[in-house]
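Asker: Contents of input_33.csv (CSV, C-alpha atoms) are below:
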chain,number,residue,atom,x,y,z
D,1,MET,CA,-21.4,6.0,-18.2
D,2,PRO,CA,-21.7,5.9,-14.3
D,3,THR,CA,-19.4,3.5,-12.6
D,4,LEU,CA,-21.3,3.5,-9.3
D,5,PHE,CA,-25.0,3.0,-8.6
D,6,MET,CA,-26.9,3.5,-5.4
D,7,THR,CA,-30.4,2.8,-4.2
D,8,LEU,CA,-31.8,3.8,-0.8
D,9,ARG,CA,-34.3,2.0,1.4
D,10,GLU,CA,-35.4,2.3,4.9
D,11,GLU,CA,-35.5,-0.3,7.7
D,12,GLY,CA,-37.0,1.4,10.7
D,13,ALA,CA,-34.7,4.3,11.5
D,14,VAL,CA,-31.9,2.9,9.5
D,15,THR,CA,-31.2,4.0,5.9
D,16,ILE,CA,-29.7,1.2,3.9
D,17,VAL,CA,-27.7,2.3,0.8
D,18,ASP,CA,-27.3,-0.5,-1.7
D,19,VAL,CA,-24.1,0.3,-3.6
D,20,SER,CA,-22.9,-1.4,-6.7
D,21,GLY,CA,-19.9,-0.8,-9.0
D,22,ARG,CA,-16.6,1.0,-8.4
D,23,ILE,CA,-15.9,3.5,-5.7
D,24,SER,CA,-12.9,5.2,-7.2
D,25,LEU,CA,-11.5,8.6,-8.1
D,26,GLY,CA,-13.9,10.8,-9.9
D,27,GLU,CA,-17.6,10.1,-10.4
D,28,GLY,CA,-17.8,7.1,-8.0
D,29,SER,CA,-16.3,8.9,-5.0
D,30,ALA,CA,-18.3,12.0,-5.7
D,31,LEU,CA,-21.6,10.2,-5.8
D,32,LEU,CA,-20.9,8.5,-2.5
D,33,ARG,CA,-19.9,11.8,-0.9
D,34,LYS,CA,-23.1,13.5,-2.2
D,35,THR,CA,-25.3,10.6,-1.1
D,36,ILE,CA,-24.0,10.7,2.4
D,37,ARG,CA,-24.2,14.5,2.6
D,38,ASP,CA,-27.8,14.5,1.3
D,39,LEU,CA,-28.8,11.8,3.9
D,40,LEU,CA,-27.2,13.9,6.7
D,41,ASP,CA,-28.9,17.1,5.4
D,42,SER,CA,-32.3,15.3,5.6
D,43,GLY,CA,-31.6,14.2,9.1
D,44,GLN,CA,-30.7,10.6,8.5
D,45,THR,CA,-27.8,9.7,10.7
D,46,LYS,CA,-28.2,5.9,10.9
D,47,ILE,CA,-26.6,4.8,7.6
D,48,LEU,CA,-25.8,1.3,6.5
D,49,LEU,CA,-23.7,0.9,3.4
D,50,ASN,CA,-24.4,-2.4,1.7
D,51,LEU,CA,-21.2,-3.0,-0.3
D,52,GLY,CA,-22.1,-6.5,-1.5
D,53,ASP,CA,-21.9,-5.5,-5.2
D,54,VAL,CA,-18.9,-3.2,-4.9
D,55,ASN,CA,-16.1,-4.9,-6.8
D,56,TYR,CA,-13.5,-2.2,-6.6
D,57,ILE,CA,-12.3,0.6,-4.3
D,58,ASP,CA,-9.2,2.6,-4.7
D,59,SER,CA,-7.5,5.0,-2.2
D,60,SER,CA,-9.8,7.8,-3.2
D,61,GLY,CA,-12.8,5.5,-2.5
D,62,ILE,CA,-11.3,4.5,0.8
D,63,GLY,CA,-10.9,8.1,1.7
D,64,GLU,CA,-14.5,8.8,0.8
D,65,LEU,CA,-15.6,6.0,3.2
D,66,VAL,CA,-13.5,7.4,6.0
D,67,SER,CA,-14.8,10.9,5.2
D,68,GLY,CA,-18.4,9.7,5.3
D,69,PHE,CA,-17.7,7.8,8.6
D,70,SER,CA,-16.4,11.0,10.2
D,71,ALA,CA,-19.1,13.2,8.8
D,72,VAL,CA,-21.9,10.9,10.2
D,73,ARG,CA,-20.1,10.6,13.5
D,74,ASN,CA,-19.9,14.4,13.8
D,75,ARG,CA,-23.7,14.4,13.6
D,76,SER,CA,-23.8,11.9,16.4
D,77,GLY,CA,-24.8,9.2,13.9
D,78,GLU,CA,-23.3,5.9,12.8
D,79,LEU,CA,-22.2,4.7,9.4
D,80,LYS,CA,-21.7,1.0,9.2
D,81,LEU,CA,-20.7,-1.4,6.5
D,82,LEU,CA,-22.5,-4.6,5.3
D,83,ASN,CA,-21.5,-7.5,3.0
D,84,LEU,CA,-17.9,-6.7,2.1
D,85,THR,CA,-16.5,-8.5,-1.0
D,86,LYS,CA,-13.2,-10.2,-0.5
D,87,LYS,CA,-11.3,-7.4,-2.3
D,88,VAL,CA,-12.9,-4.7,-0.2
D,89,HIS,CA,-12.5,-6.7,3.0
D,90,ASP,CA,-8.8,-7.3,2.3
D,91,LEU,CA,-8.2,-3.6,1.5
D,92,LEU,CA,-9.9,-2.5,4.8
D,93,GLN,CA,-7.8,-5.1,6.6
D,94,ILE,CA,-4.4,-4.0,5.3
D,95,THR,CA,-5.2,-0.3,5.8
D,96,LYS,CA,-6.3,-1.2,9.4
D,97,LEU,CA,-9.7,0.4,8.7
D,98,PHE,CA,-11.4,-2.9,9.6
D,99,THR,CA,-10.8,-1.8,13.2
D,100,VAL,CA,-12.5,1.5,12.6
D,101,PHE,CA,-15.7,0.5,10.8
D,102,ASP,CA,-18.4,-1.7,12.2
D,103,VAL,CA,-18.7,-4.4,9.6
D,104,TYR,CA,-21.6,-6.9,9.3
D,105,ASN,CA,-22.3,-9.9,7.1
D,106,ASP,CA,-26.0,-10.1,7.9
D,107,GLU,CA,-28.4,-7.2,7.2
D,108,HIS,CA,-30.8,-8.0,10.1
D,109,THR,CA,-28.0,-8.1,12.6
D,110,ALA,CA,-26.6,-4.9,11.2
D,111,VAL,CA,-30.0,-3.1,11.4
D,112,GLN,CA,-30.5,-4.4,15.0
D,113,SER,CA,-27.1,-3.0,16.0
D,114,TYR,CA,-28.3,0.5,15.7
D,115,GLN,CA,-31.0,0.1,18.4
X,1,MET,CA,2.4,-3.5,-26.9
X,2,THR,CA,3.3,-6.0,-29.7
X,3,PRO,CA,4.4,-9.5,-28.7
X,4,GLU,CA,8.0,-8.5,-29.6
X,5,ALA,CA,7.9,-5.1,-27.8
X,6,LYS,CA,9.2,-4.9,-24.3
X,7,HIS,CA,9.0,-1.2,-23.7
X,8,LEU,CA,6.0,1.1,-23.8
X,9,GLU,CA,5.9,4.7,-23.0
X,10,VAL,CA,3.0,7.1,-23.0
X,11,VAL,CA,2.5,10.7,-22.0
X,12,LEU,CA,-0.8,11.3,-20.3
X,13,ASP,CA,-2.7,14.5,-19.7
X,14,THR,CA,-3.2,15.6,-16.1
X,15,HIS,CA,-6.8,14.5,-16.1
X,16,VAL,CA,-9.0,12.1,-14.1
X,17,GLU,CA,-9.5,10.0,-17.2
X,18,SER,CA,-5.8,9.4,-17.5
X,19,VAL,CA,-6.0,7.3,-14.3
X,20,ASN,CA,-8.5,4.9,-15.9
X,21,LEU,CA,-6.5,4.9,-19.2
X,22,ALA,CA,-3.2,4.0,-17.5
X,23,GLU,CA,-4.8,1.3,-15.4
X,24,GLU,CA,-6.5,-0.2,-18.4
X,25,MET,CA,-3.4,-0.2,-20.5
X,26,CYS,CA,-1.2,-1.9,-17.9
X,27,LEU,CA,-3.9,-4.4,-17.1
X,28,ARG,CA,-4.0,-5.5,-20.7
X,29,VAL,CA,-0.3,-6.0,-20.8
X,30,ALA,CA,-0.4,-7.9,-17.4
X,31,GLU,CA,-3.1,-10.1,-18.6
X,32,ALA,CA,-1.3,-10.8,-21.9
X,33,VAL,CA,1.9,-11.7,-20.0
X,34,GLY,CA,0.0,-14.2,-17.9
X,35,PHE,CA,-0.4,-12.7,-14.5
X,36,ASN,CA,-3.4,-14.3,-12.7
X,37,GLU,CA,-6.5,-12.3,-11.8
X,38,ASP,CA,-5.3,-11.4,-8.3
X,39,GLU,CA,-1.9,-10.2,-9.5
X,40,CYS,CA,-3.6,-8.2,-12.4
X,41,TYR,CA,-5.8,-6.5,-9.8
X,42,ARG,CA,-2.8,-5.6,-7.7
X,43,ILE,CA,-0.8,-4.3,-10.7
X,44,GLY,CA,-3.9,-2.3,-11.9
X,45,MET,CA,-4.5,-0.8,-8.5
X,46,SER,CA,-0.8,0.1,-8.2
X,47,VAL,CA,-0.7,1.8,-11.6
X,48,ARG,CA,-3.9,3.6,-10.7
X,49,GLU,CA,-2.5,4.8,-7.4
X,50,GLY,CA,0.7,5.9,-9.1
X,51,VAL,CA,-1.1,8.0,-11.6
X,52,ILE,CA,-3.5,9.4,-9.0
X,53,ASN,CA,-0.4,10.5,-7.1
X,54,ALA,CA,1.1,12.2,-10.1
X,55,PHE,CA,-2.2,13.7,-11.1
X,56,HIS,CA,-3.1,15.1,-7.6
X,57,TYR,CA,0.0,15.6,-5.6
X,58,GLY,CA,2.7,15.8,-8.3
X,59,ASN,CA,1.1,17.9,-11.0
X,60,GLN,CA,-1.5,19.4,-8.6
X,61,GLU,CA,-4.2,18.8,-11.2
X,62,LYS,CA,-2.7,21.4,-13.5
X,63,PRO,CA,-3.6,20.6,-17.1
X,64,SER,CA,-0.4,22.2,-18.4
X,65,LYS,CA,1.6,19.4,-16.8
X,66,LYS,CA,2.0,15.8,-18.1
X,67,ILE,CA,2.2,12.4,-16.5
X,68,HIS,CA,4.8,10.1,-18.0
X,69,LEU,CA,4.0,6.4,-17.8
X,70,ALA,CA,6.5,3.7,-18.9
X,71,LEU,CA,6.3,0.0,-18.9
X,72,ASP,CA,9.1,-2.5,-19.3
X,73,LEU,CA,9.1,-6.3,-19.5
X,74,THR,CA,12.2,-8.3,-18.8
X,75,GLN,CA,12.4,-12.0,-18.4
X,76,GLU,CA,12.2,-11.5,-14.7
X,77,LYS,CA,9.7,-8.7,-14.0
X,78,MET,CA,7.3,-6.2,-15.2
X,79,ILE,CA,8.5,-2.7,-14.4
X,80,ILE,CA,6.2,0.3,-14.2
X,81,ARG,CA,7.4,3.9,-14.0
X,82,VAL,CA,5.1,6.9,-13.3
X,83,MET,CA,6.7,10.3,-13.4
X,84,ASP,CA,5.1,13.7,-12.8
X,85,GLU,CA,6.2,17.3,-13.4
X,86,GLY,CA,5.9,18.4,-9.8
X,87,LYS,CA,8.5,19.2,-7.2
X,88,GLY,CA,9.2,15.7,-6.2
X,89,PHE,CA,9.0,14.1,-2.7
X,90,LYS,CA,10.9,11.8,-0.4
X,91,LEU,CA,9.4,8.5,0.7
X,92,THR,CA,10.5,9.3,4.3
X,93,ASP,CA,8.3,12.4,4.3
X,94,VAL,CA,5.1,10.4,3.6
X,95,PRO,CA,3.1,9.9,6.8
X,96,ASP,CA,2.3,6.3,7.8
X,97,PRO,CA,-1.4,5.7,7.1
X,98,LEU,CA,-1.4,2.9,9.6
X,99,ALA,CA,-0.4,5.2,12.5
X,100,GLU,CA,-3.2,5.7,15.0
X,101,GLU,CA,-3.4,9.4,14.4
X,102,ASN,CA,-3.7,8.9,10.6
X,103,LEU,CA,-6.3,6.2,10.5
X,104,LEU,CA,-9.1,8.6,9.9
X,105,SER,CA,-7.2,10.6,7.3
X,106,THR,CA,-9.2,10.9,4.1
X,107,SER,CA,-6.0,10.6,2.0
X,108,GLY,CA,-2.4,9.3,2.0
X,109,ARG,CA,-2.9,5.6,1.4
X,110,GLY,CA,-1.8,5.4,-2.3
X,111,ILE,CA,1.9,4.9,-1.6
X,112,PHE,CA,1.1,2.4,1.1
X,113,LEU,CA,-1.1,0.4,-1.3
X,114,MET,CA,1.6,0.4,-4.1
X,115,LYS,CA,4.2,-0.8,-1.6
X,116,ALA,CA,1.9,-3.5,-0.4
X,117,PHE,CA,0.8,-4.8,-3.8
X,118,MET,CA,4.1,-4.7,-5.8
X,119,ASP,CA,7.3,-6.7,-5.2
X,120,GLU,CA,9.5,-3.7,-5.5
X,121,PHE,CA,8.8,0.0,-5.0
X,122,ASP,CA,10.8,3.1,-4.9
X,123,VAL,CA,10.5,6.9,-5.5
X,124,VAL,CA,13.4,8.7,-7.2
X,125,ALA,CA,14.0,12.2,-8.6
X,126,GLY,CA,12.7,12.1,-12.2
X,127,ARG,CA,14.3,13.8,-15.2
X,128,THR,CA,11.5,16.3,-15.2
X,129,GLY,CA,12.4,17.4,-11.7
X,130,GLY,CA,9.3,15.7,-10.4
X,131,ALA,CA,8.9,12.4,-8.6
X,132,GLU,CA,9.3,9.1,-10.5
X,133,ILE,CA,7.7,6.1,-9.0
X,134,ILE,CA,9.4,2.8,-10.0
X,135,MET,CA,7.6,-0.4,-9.1
X,136,SER,CA,7.8,-4.0,-10.3
X,137,LYS,CA,6.2,-7.4,-10.2
X,138,ARG,CA,7.9,-10.7,-10.8
X,139,ILE,CA,6.9,-12.4,-14.0
X,140,PRO,CA,4.9,-15.6,-13.3
X,141,PRO,CA,6.4,-18.9,-14.4
X,142,ASN,CA,3.8,-19.3,-17.2
X,143,ALA,CA,4.7,-15.9,-18.7
X,144,LYS,CA,4.1,-15.3,-22.4
X,145,ILE,CA,7.0,-13.0,-23.1
X,146,SER,CA,8.5,-13.4,-26.5
X,147,GLY,CA,11.2,-11.4,-28.3
X,148,ASN,CA,15.0,-11.8,-28.4
X,149,GLY,CA,15.2,-13.2,-24.9
X,150,ASN,CA,18.0,-11.0,-23.8
X,151,GLY,CA,16.0,-10.0,-20.8
X,152,ARG,CA,16.9,-6.3,-21.2
X,153,PRO,CA,14.2,-3.7,-20.9
X,154,GLY,CA,13.8,-1.3,-23.8
X,155,SER,CA,14.6,-3.7,-26.7
X,156,GLY,CA,12.0,-3.5,-29.4
X,157,ALA,CA,10.9,-0.1,-28.1
X,158,ALA,CA,7.6,1.2,-29.3
X,159,PRO,CA,7.5,4.8,-30.3
X,160,LYS,CA,6.3,7.2,-27.6
X,161,GLN,CA,2.6,7.8,-27.8
X,162,GLU,CA,0.7,10.9,-26.8
X,163,ALA,CA,-2.5,9.9,-25.1
Produce structure tokens that represent the structure in this file.

Answerer:
Amino acid sequence: MPTLFMTLREEGAVTIVDVSGRISLGEGSALLRKTIRDLLDSGQTKILLNLGDVNYIDSSGIGELVSGFSAVRNRSGELKLLNLTKKVHDLLQITKLFTVFDVYNDEHTAVQSYQ
Amino acid sequence: MTPEAKHLEVVLDTHVESVNLAEEMCLRVAEAVGFNEDECYRIGMSVREGVINAFHYGNQEKPSKKIHLALDLTQEKMIIRVMDEGKGFKLTDVPDPLAEENLLSTSGRGIFLMKAFMDEFDVVAGRTGGAEIIMSKRIPPNAKISGNGNGRPGSGAAPKQEA
């Protein structure tokens, strides 16, 4: 049974990925990797990950977020994060990644930030 | 783990599913002992990271190798040991994931998370020749530990189970 679900939608030039479940070693991390790679391959380089329904991330999931961030940046794009749960927020804070990612609590503001 | 048992030991296959199994097992014990939701999350995450470390770095994902997980309850703390069958490593050799040059590294945060989430953490040479991670969490005041009350780990030991 999948532990992670993703749905894609467009807001102008920005692709919003609504993520729910666990981003952890195995299927969850692999699905995130594939989704970002597919978006980049199709020319989408403005990616907003909505993590509002992500209740768990382990070190493998953190690594996948960082990998996605770097991959998008290497294509001159931007990967940003939206709606962090407290657990994910705290994890990014203690790993100092809060200073790396652009993080938003409001979708409209997040989408506008790509302009 | 029965209410009387204070020691549990399982041998896990070097497989991704072992990570979930180990986490689930330790979470059940932690919940039964009386750790709150936050502490259970931290314990579960630490076990997960310990087994990922054994699976990936220690055993290098080789199915012929095993992961040894042991859990002890004393009156003071819950002690978790994760041992692999790799070559071992020194904590001092592990790069700091918070260093500027490592912030965008896609790996190497597991040890840091275990240290951050548990009260005590160490890595020693295991009897298999691999690394043995030893970490513990203080038992909360409302703990539900029963048994003979001598506070020694290992009393009422359950037989080793092959997972």

Asker: Dump as a list in words the residues of chain X that approach chain D to within 7 Å, counting only C-alpha atoms.

Answerer: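 Residues satisfying the distance criterion: Val16, Met45, Leu98, Leu103, Leu104, Thr106, Ser107, Arg109 and Gly110 of chain X.
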
Asker: Measure the distance from atom CA of X:Leu69 to atom CA of X:Asp38 in Å and round it to one decimal.

Answerer: 22.2 Å

Asker: Go through X:Gln75, X:Ser136, X:Asn36, X:Gln60 and flag the residue nearest X:His15, using only C-alpha atoms for the distances.

Answerer: X:Gln60

Asker: What separation in Å, quoted to one decimal, exists between atom CA of D:Lys34 and atom CA of D:Val72?

Answerer: 12.7 Å

Asker: Name the closest residue to D:Asn105 among the candidates D:Ser76, D:Ser20, D:Asn50, D:Asn55; distances are taken between atoms, counting all atoms listed in the file.

Answerer: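 Checking each of D:Ser76, D:Ser20, D:Asn50, D:Asn55 against D:Asn105, counting all atoms listed in the file, the winner is D:Asn50.
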
Asker: As a PyMOL selection string, please: the residues near D:Val103 (cut-off 8 Å, all atoms listed in the file, same-chain neighbours under 4 positions excluded).

Answerer: chain D and resi 80-84+98

Asker: What's the separation between atom CA of X:Asn20 and atom CA of X:Lys66, in Å to one decimal place?

Answerer: 15.3 Å

Asker: I need the residue nearest X:Val47 from this list: X:Glu61, X:Glu24, X:Glu31, X:Glu9. Use all atoms listed in the file for the distance.

Answerer: X:Glu24

Asker: Write out as a ChimeraX atom specification which residues come within 12 Å of X:Asp93 when counting all atoms listed in the file, dropping same-chain ones fewer than 3 positions away.

Answerer: /X:88-90,96,108,111,123

Asker: Return the single residue from X:Glu100, X:Pro63, X:Val82, X:Val94 that is closest to X:Val124, with distances computed using only C-alpha atoms.

Answerer: X:Val82

Asker: Counting all atoms listed in the file, which of X:Ile139, X:Ile79, X:Ala99, X:Ala70 gets nearest to X:Asp122?

Answerer: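 When distances to X:Asp122 are compared using all atoms listed in the file, the smallest one comes from X:Ile79.
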
Asker: Pick out the residues sitting within 9 Å of D:Leu8, and hand them over as a list in words; count all atoms listed in the file, and ignore anything fewer than 2 positions along from it in its own chain.

Answerer: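 These residues fall inside the cut-off: Met6, Glu10, Thr15, Ile16, Val17, Asp18 and Val19 of chain D.
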
Asker: Please rebuild stretch 43-58 of chain D with N, CA and C atoms and return the result as a short mmCIF file (atom, residue, chain, number, x, y, z; two decimals), keeping the file's coordinate frame.

Answerer:
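Final file, part_24.cif:
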data_model
loop_
_atom_site.label_atom_id
_atom_site.label_comp_id
_atom_site.auth_asym_id
_atom_site.auth_seq_id
_atom_site.Cartn_x
_atom_site.Cartn_y
_atom_site.Cartn_z
N GLY D 43 -31.46 14.65 7.76
CA GLY D 43 -31.60 14.20 9.10
C GLY D 43 -31.40 12.71 9.35
N GLN D 44 -30.99 12.00 8.32
CA GLN D 44 -30.70 10.60 8.50
C GLN D 44 -29.29 10.38 9.00
N THR D 45 -29.17 9.84 10.17
CA THR D 45 -27.80 9.70 10.70
C THR D 45 -27.49 8.20 11.07
N LYS D 46 -28.43 7.31 10.74
CA LYS D 46 -28.20 5.90 10.90
C LYS D 46 -28.06 5.29 9.50
N ILE D 47 -26.84 5.14 9.04
CA ILE D 47 -26.60 4.80 7.60
C ILE D 47 -25.85 3.46 7.55
N LEU D 48 -26.40 2.56 6.75
CA LEU D 48 -25.80 1.30 6.50
C LEU D 48 -25.42 1.13 5.05
N LEU D 49 -24.13 1.08 4.75
CA LEU D 49 -23.70 0.90 3.40
C LEU D 49 -23.57 -0.54 3.02
N ASN D 50 -24.43 -1.00 2.12
CA ASN D 50 -24.40 -2.40 1.70
C ASN D 50 -23.40 -2.44 0.46
N LEU D 51 -22.19 -2.95 0.70
CA LEU D 51 -21.20 -3.00 -0.30
C LEU D 51 -21.04 -4.31 -1.03
N GLY D 52 -22.09 -5.11 -0.94
CA GLY D 52 -22.10 -6.50 -1.50
C GLY D 52 -21.77 -6.52 -2.98
N ASP D 53 -22.13 -5.47 -3.71
CA ASP D 53 -21.90 -5.50 -5.20
C ASP D 53 -20.82 -4.45 -5.55
N VAL D 54 -20.00 -4.08 -4.58
CA VAL D 54 -18.90 -3.20 -4.90
C VAL D 54 -17.65 -4.05 -5.17
N ASN D 55 -17.22 -4.04 -6.42
CA ASN D 55 -16.10 -4.90 -6.80
C ASN D 55 -14.77 -4.24 -6.80
N TYR D 56 -14.77 -2.93 -6.51
CA TYR D 56 -13.50 -2.20 -6.60
C TYR D 56 -13.53 -0.95 -5.77
N ILE D 57 -12.50 -0.72 -4.96
CA ILE D 57 -12.30 0.60 -4.30
C ILE D 57 -10.86 0.93 -4.36
N ASP D 58 -10.57 2.18 -4.74
CA ASP D 58 -9.20 2.60 -4.70
C ASP D 58 -8.95 3.53 -3.50
#
